[in-house]
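Here's coords.cif, which has mmCIF, C-alpha atoms:
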```
data_entry
loop_
_atom_site.label_atom_id
_atom_site.label_comp_id
_atom_site.auth_asym_id
_atom_site.auth_seq_id
_atom_site.Cartn_x
_atom_site.Cartn_y
_atom_site.Cartn_z
CA MET Q 182 16.43 2.12 -15.80
CA THR Q 183 13.15 3.95 -15.24
CA ALA Q 184 10.97 6.33 -17.19
CA PRO Q 185 12.02 9.96 -16.65
CA ASP Q 186 9.04 10.82 -14.45
CA GLU Q 187 9.51 7.94 -12.00
CA ALA Q 188 12.13 9.54 -9.79
CA ASN Q 189 9.71 12.06 -8.32
CA CYS Q 190 6.52 10.05 -8.52
CA SER Q 191 4.77 10.32 -5.16
CA LEU Q 192 3.19 6.94 -5.68
CA VAL Q 193 6.51 5.21 -6.30
CA LYS Q 194 8.20 6.99 -3.42
CA ALA Q 195 5.37 6.05 -1.09
CA VAL Q 196 5.53 2.37 -1.99
CA GLU Q 197 9.31 2.34 -1.71
CA LEU Q 198 8.98 3.69 1.80
CA VAL Q 199 6.25 1.45 3.16
CA GLY Q 200 6.61 -1.54 0.82
CA GLU Q 201 9.66 -3.04 2.48
CA ARG Q 202 8.51 -5.85 4.74
CA TRP Q 203 10.13 -4.88 8.04
CA THR Q 204 9.44 -1.18 7.61
CA PHE Q 205 5.83 -2.05 7.00
CA LEU Q 206 5.64 -4.27 10.09
CA VAL Q 207 7.23 -1.57 12.25
CA LEU Q 208 4.59 0.83 10.97
CA ARG Q 209 1.82 -1.61 11.71
CA GLU Q 210 3.00 -1.97 15.30
CA ALA Q 211 3.43 1.79 15.67
CA LEU Q 212 -0.14 2.32 14.50
CA ALA Q 213 -1.18 -0.28 17.08
CA GLY Q 214 0.52 1.75 19.81
CA ALA Q 215 4.12 0.55 20.08
CA THR Q 216 6.67 3.30 20.76
CA ARG Q 217 9.66 1.66 22.48
CA PHE Q 218 12.52 -0.15 20.79
CA SER Q 219 11.97 -3.18 23.01
CA GLU Q 220 8.27 -3.28 22.17
CA PHE Q 221 8.94 -3.40 18.44
CA ARG Q 222 11.65 -6.00 18.93
CA THR Q 223 9.50 -8.28 21.06
CA ARG Q 224 6.33 -7.98 19.01
CA LEU Q 225 8.08 -8.58 15.70
CA GLY Q 226 10.96 -10.86 16.63
CA ILE Q 227 13.20 -8.54 14.60
CA ALA Q 228 16.99 -8.31 14.94
CA SER Q 229 18.10 -5.14 16.76
CA ASP Q 230 20.28 -3.84 13.93
CA VAL Q 231 17.49 -4.31 11.39
CA LEU Q 232 15.00 -2.60 13.68
CA ALA Q 233 17.36 0.33 14.33
CA ALA Q 234 17.86 0.83 10.58
CA ARG Q 235 14.12 0.75 9.87
CA LEU Q 236 13.31 3.18 12.67
CA ALA Q 237 16.03 5.55 11.43
CA LYS Q 238 14.57 5.40 7.92
CA LEU Q 239 11.08 6.18 9.23
CA VAL Q 240 12.42 9.12 11.26
CA ASP Q 241 14.33 10.43 8.22
CA SER Q 242 11.17 10.18 6.14
CA GLY Q 243 9.11 12.23 8.57
CA VAL Q 244 6.87 9.30 9.47
CA MET Q 245 8.18 9.00 13.04
CA VAL Q 246 9.97 11.23 15.53
CA ARG Q 247 12.51 10.15 18.12
CA ARG Q 248 11.77 11.30 21.68
CA GLU Q 249 13.85 10.69 24.78
CA TYR Q 250 12.20 9.18 27.82
CA ARG Q 251 13.60 8.04 31.16
CA GLU Q 252 12.14 5.56 33.61
CA PRO Q 253 12.98 6.08 37.31
CA GLY Q 254 16.48 4.84 38.04
CA ARG Q 255 17.21 4.01 34.41
CA ARG Q 256 19.29 5.69 31.73
CA PRO Q 257 17.47 7.78 29.11
CA ARG Q 258 16.09 5.85 26.15
CA ASP Q 259 14.53 6.75 22.81
CA ALA Q 260 10.87 6.34 22.04
CA TYR Q 261 9.58 6.39 18.47
CA CYS Q 262 6.29 8.15 17.91
CA LEU Q 263 4.29 8.51 14.72
CA THR Q 264 3.99 11.99 13.26
CA ASP Q 265 0.71 13.17 11.82
CA ALA Q 266 1.94 11.95 8.41
CA GLY Q 267 2.69 8.56 9.94
CA ARG Q 268 -0.71 8.25 11.55
CA ARG Q 269 -2.32 9.03 8.19
CA LEU Q 270 -0.85 5.81 6.81
CA ASN Q 271 -3.70 4.02 8.59
CA VAL Q 272 -5.77 4.47 5.43
CA VAL Q 273 -3.12 2.70 3.35
CA LEU Q 274 -2.79 -0.18 5.83
CA CYS Q 275 -6.52 -0.61 6.10
CA ALA Q 276 -6.94 -0.60 2.29
CA LEU Q 277 -4.24 -3.28 1.98
CA GLN Q 278 -5.76 -5.34 4.74
CA GLU Q 279 -9.22 -5.28 3.20
CA TRP Q 280 -7.82 -6.29 -0.16
CA GLY Q 281 -5.78 -9.11 1.38
CA ASN Q 282 -8.71 -10.39 3.41
CA GLU Q 283 -10.90 -10.50 0.35
CA HIS Q 284 -8.52 -11.71 -2.34
CA LEU Q 285 -5.68 -13.71 -0.80
CA PRO Q 286 -6.59 -17.27 0.12
CA ASP Q 287 -5.80 -18.82 3.49
CA THR Q 288 -4.97 -15.60 5.26
CA VAL Q 289 -6.35 -13.93 8.33
CA SER Q 290 -6.05 -10.36 9.35
CA THR Q 291 -4.12 -9.59 12.51
CA VAL Q 292 -5.52 -6.09 12.84
CA ALA Q 293 -8.85 -4.41 12.07
CA TYR Q 294 -9.90 -0.80 12.07
CA ARG Q 295 -12.64 0.99 13.94
CA ALA Q 296 -13.66 4.55 14.63
CA ASP Q 297 -12.96 5.87 18.12
CA ASP Q 298 -16.52 5.09 19.15
CA GLY Q 299 -16.15 1.41 18.25
CA ARG Q 300 -17.83 1.45 14.84
CA ARG Q 301 -16.15 -0.75 12.22
CA VAL Q 302 -14.87 1.27 9.30
CA ARG Q 303 -13.93 0.43 5.72
CA VAL Q 304 -11.85 2.17 3.09
CA ARG Q 305 -13.83 3.37 0.09
CA PHE Q 306 -13.66 5.81 -2.80
CA VAL Q 307 -15.78 8.87 -2.12
CA ASP Q 308 -16.62 11.79 -4.40
CA GLY Q 309 -16.49 15.50 -3.58
CA GLU Q 310 -19.84 15.35 -1.82
CA GLY Q 311 -18.78 12.43 0.37
CA GLY Q 312 -20.82 9.88 -1.55
CA VAL Q 313 -19.34 6.37 -1.82
CA VAL Q 314 -18.25 5.49 -5.39
CA PRO Q 315 -17.92 1.74 -6.18
CA ALA Q 316 -14.31 0.81 -6.92
CA GLY Q 317 -15.36 -0.74 -10.22
CA GLU Q 318 -16.49 2.68 -11.47
CA VAL Q 319 -13.16 4.35 -10.76
CA ARG Q 320 -10.43 4.77 -13.39
CA PRO Q 321 -6.99 6.33 -13.38
CA GLU Q 322 -6.90 9.67 -15.12
CA PRO Q 323 -5.12 9.42 -18.50
CA ARG Q 324 -1.63 10.87 -18.29
CA MET M 25 12.25 -14.69 12.55
CA THR M 26 8.66 -13.51 12.77
CA ALA M 27 5.84 -13.70 15.28
CA PRO M 28 3.79 -16.89 14.89
CA ASP M 29 0.79 -15.15 13.35
CA GLU M 30 2.72 -13.34 10.62
CA ALA M 31 2.90 -16.15 8.10
CA ASN M 32 -0.80 -16.00 7.27
CA CYS M 33 -1.43 -12.31 7.93
CA SER M 34 -3.40 -10.95 4.99
CA LEU M 35 -1.87 -7.53 5.51
CA VAL M 36 1.68 -8.83 5.36
CA LYS M 37 0.97 -11.03 2.36
CA ALA M 38 -0.67 -8.13 0.54
CA VAL M 39 2.28 -5.82 1.09
CA GLU M 40 4.74 -8.53 0.10
CA LEU M 41 2.89 -8.92 -3.16
CA VAL M 42 2.46 -5.29 -4.17
CA GLY M 43 5.31 -3.73 -2.19
CA GLU M 44 8.10 -4.79 -4.50
CA ARG M 45 8.97 -1.83 -6.72
CA TRP M 46 8.70 -3.40 -10.17
CA THR M 47 5.63 -5.43 -9.32
CA PHE M 48 4.00 -2.26 -8.12
CA LEU M 49 4.91 -0.35 -11.28
CA VAL M 50 3.59 -3.17 -13.48
CA LEU M 51 0.33 -3.01 -11.52
CA ARG M 52 0.16 0.76 -11.91
CA GLU M 53 0.52 0.44 -15.68
CA ALA M 54 -2.00 -2.39 -15.82
CA LEU M 55 -4.53 -0.26 -13.95
CA ALA M 56 -3.80 2.49 -16.48
CA GLY M 57 -4.68 0.11 -19.32
CA ALA M 58 -1.47 -1.67 -20.36
CA THR M 59 -1.93 -5.33 -21.32
CA ARG M 60 0.91 -6.25 -23.69
CA PHE M 61 4.42 -7.25 -22.72
CA SER M 62 5.86 -4.60 -25.05
CA GLU M 63 3.65 -1.90 -23.52
CA PHE M 64 4.88 -2.63 -20.01
CA ARG M 65 8.48 -2.80 -21.20
CA THR M 66 8.32 0.50 -23.07
CA ARG M 67 6.40 2.43 -20.42
CA LEU M 68 8.63 1.28 -17.57
CA GLY M 69 12.00 0.80 -19.21
CA ILE M 70 12.17 -2.59 -17.48
CA ALA M 71 14.42 -5.49 -18.51
CA SER M 72 12.50 -8.28 -20.24
CA ASP M 73 13.52 -11.00 -17.80
CA VAL M 74 12.50 -8.87 -14.81
CA LEU M 75 9.18 -8.01 -16.44
CA ALA M 76 8.48 -11.67 -17.29
CA ALA M 77 9.15 -12.69 -13.68
CA ARG M 78 6.88 -9.98 -12.27
CA LEU M 79 4.05 -10.79 -14.66
CA ALA M 80 4.35 -14.49 -13.77
CA LYS M 81 4.16 -13.62 -10.08
CA LEU M 82 1.05 -11.50 -10.62
CA VAL M 83 -0.58 -14.30 -12.63
CA ASP M 84 0.29 -16.86 -9.92
CA SER M 85 -1.23 -14.57 -7.30
CA GLY M 86 -4.54 -14.23 -9.12
CA VAL M 87 -4.05 -10.54 -9.81
CA MET M 88 -3.64 -11.00 -13.58
CA VAL M 89 -4.56 -13.60 -16.18
CA ARG M 90 -2.59 -14.49 -19.31
CA ARG M 91 -4.59 -14.41 -22.54
CA GLU M 92 -3.35 -15.24 -26.01
CA TYR M 93 -3.93 -12.75 -28.81
CA ARG M 94 -2.80 -12.70 -32.43
CA GLU M 95 -2.41 -9.74 -34.76
CA PRO M 96 -2.92 -10.39 -38.51
CA GLY M 97 0.16 -12.04 -39.98
CA ARG M 98 1.91 -12.33 -36.62
CA ARG M 99 2.54 -15.22 -34.26
CA PRO M 100 0.31 -15.53 -31.17
CA ARG M 101 1.38 -13.47 -28.17
CA ASP M 102 0.33 -13.24 -24.55
CA ALA M 103 -1.62 -10.34 -23.11
CA TYR M 104 -1.84 -9.77 -19.37
CA CYS M 105 -5.18 -8.60 -18.05
CA LEU M 106 -6.17 -7.68 -14.51
CA THR M 107 -8.62 -9.95 -12.76
CA ASP M 108 -11.37 -8.50 -10.61
CA ALA M 109 -9.03 -8.85 -7.62
CA GLY M 110 -6.36 -6.95 -9.53
CA ARG M 111 -8.67 -4.13 -10.49
CA ARG M 112 -9.67 -3.79 -6.85
CA LEU M 113 -6.10 -2.78 -6.03
CA ASN M 114 -7.01 0.65 -7.37
CA VAL M 115 -8.11 1.60 -3.84
CA VAL M 116 -4.68 0.70 -2.46
CA LEU M 117 -2.83 2.62 -5.19
CA CYS M 118 -5.04 5.65 -4.79
CA ALA M 119 -4.59 5.64 -0.99
CA LEU M 120 -0.80 5.47 -1.41
CA GLN M 121 -0.83 8.21 -4.00
CA GLU M 122 -2.86 10.55 -1.83
CA TRP M 123 -0.57 9.95 1.10
CA GLY M 124 2.54 10.51 -1.03
CA ASN M 125 1.16 13.70 -2.55
CA GLU M 126 0.37 15.09 0.85
CA HIS M 127 3.33 13.96 2.91
CA LEU M 128 6.36 13.38 0.70
CA PRO M 129 8.19 16.54 -0.35
CA ASP M 130 9.18 17.31 -3.94
CA THR M 131 7.07 14.65 -5.56
CA VAL M 132 4.40 14.79 -8.18
CA SER M 133 1.77 12.23 -8.91
CA THR M 134 1.90 10.52 -12.28
CA VAL M 135 -1.62 9.18 -12.07
CA ALA M 136 -4.85 10.41 -10.50
CA TYR M 137 -8.19 8.76 -10.00
CA ARG M 138 -11.65 9.72 -11.14
CA ALA M 139 -15.01 8.05 -11.34
CA ASP M 140 -16.15 6.99 -14.79
CA ASP M 141 -18.18 10.17 -15.15
CA GLY M 142 -15.14 12.39 -14.65
CA ARG M 143 -15.65 13.21 -10.97
CA ARG M 144 -12.47 13.27 -8.91
CA VAL M 145 -12.55 10.71 -6.13
CA ARG M 146 -10.61 10.31 -2.89
CA VAL M 147 -9.99 7.38 -0.57
CA ARG M 148 -11.60 7.75 2.82
CA PHE M 149 -12.70 5.72 5.84
CA VAL M 150 -16.44 5.20 5.85
CA ASP M 151 -18.69 3.64 8.47
CA GLY M 152 -21.43 1.06 7.96
CA GLU M 153 -23.88 3.73 6.82
CA GLY M 154 -21.47 5.15 4.25
CA GLY M 155 -20.63 8.23 6.30
CA VAL M 156 -17.05 9.53 5.99
CA VAL M 157 -15.01 9.06 9.20
CA PRO M 158 -11.93 11.32 9.59
CA ALA M 159 -8.70 9.28 9.55
CA GLY M 160 -7.65 10.84 12.85
CA GLU M 161 -10.63 9.22 14.56
CA VAL M 162 -9.77 5.72 13.38
CA ARG M 163 -7.79 3.23 15.48
CA PRO M 164 -6.66 -0.34 14.99
CA GLU M 165 -8.73 -2.80 16.96
CA PRO M 166 -6.79 -4.13 19.97
CA ARG M 167 -5.55 -7.64 19.22
#
```
Spell out the structure here as structure tokens.
Amino acid sequence: MTAPDEANCSLVKAVELVGERWTFLVLREALAGATRFSEFRTRLGIASDVLAARLAKLVDSGVMVRREYREPGRRPRDAYCLTDAGRRLNVVLCALQEWGNEHLPDTVSTVAYRADDGRRVRVRFVDGEGGVVPAGEVRPEPR
Amino acid sequence: MTAPDEANCSLVKAVELVGERWTFLVLREALAGATRFSEFRTRLGIASDVLAARLAKLVDSGVMVRREYREPGRRPRDAYCLTDAGRRLNVVLCALQEWGNEHLPDTVSTVAYRADDGRRVRVRFVDGEGGVVPAGEVRPEPR
């Protein structure tokens, strides 16, 4: 049972997509450069059927696309590449990571984010002019 | 089965905490100002036992604190208030909302974020000097 507006809430749909543990880990590895089934399986220690289901869900959601590749002398295989929408989830992952690093005890981050030129970056609220707004000054808009 | 470093990964722990649907919705309502058990129950249409379990989990995780309050002529009741760590999840929710609005079809946002003075704010990558870095220029750091 949910409130009438929940079914189409972009926020709820987004968290349902990326909030599932394995889906999230697959995304993390994809953002770190993994594209092949065997890469995801090895890096995550995930069962093949679980991995296949998660990849299919990410393809269905428009976060990844399936592309065939073939190594010399081998049969064709599928690679899984992030779409532009998928790559844009880096902001969400980085925001979660920063929060976890700061507020969850006894954890370490296994990934950090930097600009292409090697600068460390953070996730912050910014206003229309690009000025940083402290998180403590930000409120949800009343519905 | 998970890779050896997963157990203490701040990113994984963060998504396990906030990624569960009801926990996430409780957080969303808390960020929007809900504090009383009955408020959460009414706004979300959630079963009381499920709500009690999610609130307990959020208290255990340091995201909320339980405070007793008493209305005139009534028995004492518990209110659930966000801690500083909990309030800081607004960046994560806003990042998810922006991504969902942009990339998930047929959805509408049920909450939006503004600075206290009414300015609309967005979540962006910024560098050490506070300059906005386009998301497409940001990469995970090689592990």
Chain M contacts to chain Q at 7 Å (only C-alpha atoms) as a PyMOL selection string
chain M and resi 25-27+32-35+38-40+43-45+56+67-70+109+112+115-116+119-121+124-125+127-128+130-140+143-152+154+156+159+161-165+167
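Minimum distance to M:Tyr93 across M:Phe64, M:Thr59, M:Ala76, M:Leu106 (counting all atoms listed in the file) occurs at M:Thr59.
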Record the distance separating atom CA of Q:Glu252 and atom CA of Q:Ser229, expressed in Å with one decimal.
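According to the coordinates, atom CA of Q:Glu252 and atom CA of Q:Ser229 are separated by 20.8 Å.
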Using all atoms of stretch 265-278 of chain Q that appear in the file, construct an axis-aligned enclosing box with 4 Å of padding on every side and provide its centre coordinates and edge lengths in Å, rounded to one decimal, as lines of an AutoDock Vina configuration file.
```
center_x = -2.1
center_y = 3.9
center_z = 6.9
size_x = 17.6
size_y = 26.5
size_z = 17.8
```
So how far away is atom CA of Q:Arg256 from atom CA of Q:Asp241, in Å?
24.5 Å
Counting all atoms listed in the file, find residues at most 9 Å from (9.4, 12.6, 16.8) (file frame) and give them as a short mmCIF file (atom, residue, chain, number, x, y, z; two decimals) with C-alpha atoms, in the frame of the given file.
```
data_model
loop_
_atom_site.label_atom_id
_atom_site.label_comp_id
_atom_site.auth_asym_id
_atom_site.auth_seq_id
_atom_site.Cartn_x
_atom_site.Cartn_y
_atom_site.Cartn_z
CA VAL Q 240 12.42 9.12 11.26
CA GLY Q 243 9.11 12.23 8.57
CA VAL Q 244 6.87 9.30 9.47
CA MET Q 245 8.18 9.00 13.04
CA VAL Q 246 9.97 11.23 15.53
CA ARG Q 247 12.51 10.15 18.12
CA ARG Q 248 11.77 11.30 21.68
CA ALA Q 260 10.87 6.34 22.04
CA TYR Q 261 9.58 6.39 18.47
CA CYS Q 262 6.29 8.15 17.91
CA LEU Q 263 4.29 8.51 14.72
CA THR Q 264 3.99 11.99 13.26
#
```
Point-to-point distance in Å for atom CA of M:Arg60 and atom CA of M:Ala77
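Atom-to-atom, atom CA of M:Ala77 and atom CA of M:Arg60 are spaced 14.5 Å apart.
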Among the residues M:Leu79, M:Asp73, M:Pro100, M:Glu92, the one that comes closest to M:Ala54 [using only C-alpha atoms]
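The closest residue to M:Ala54 is M:Leu79.
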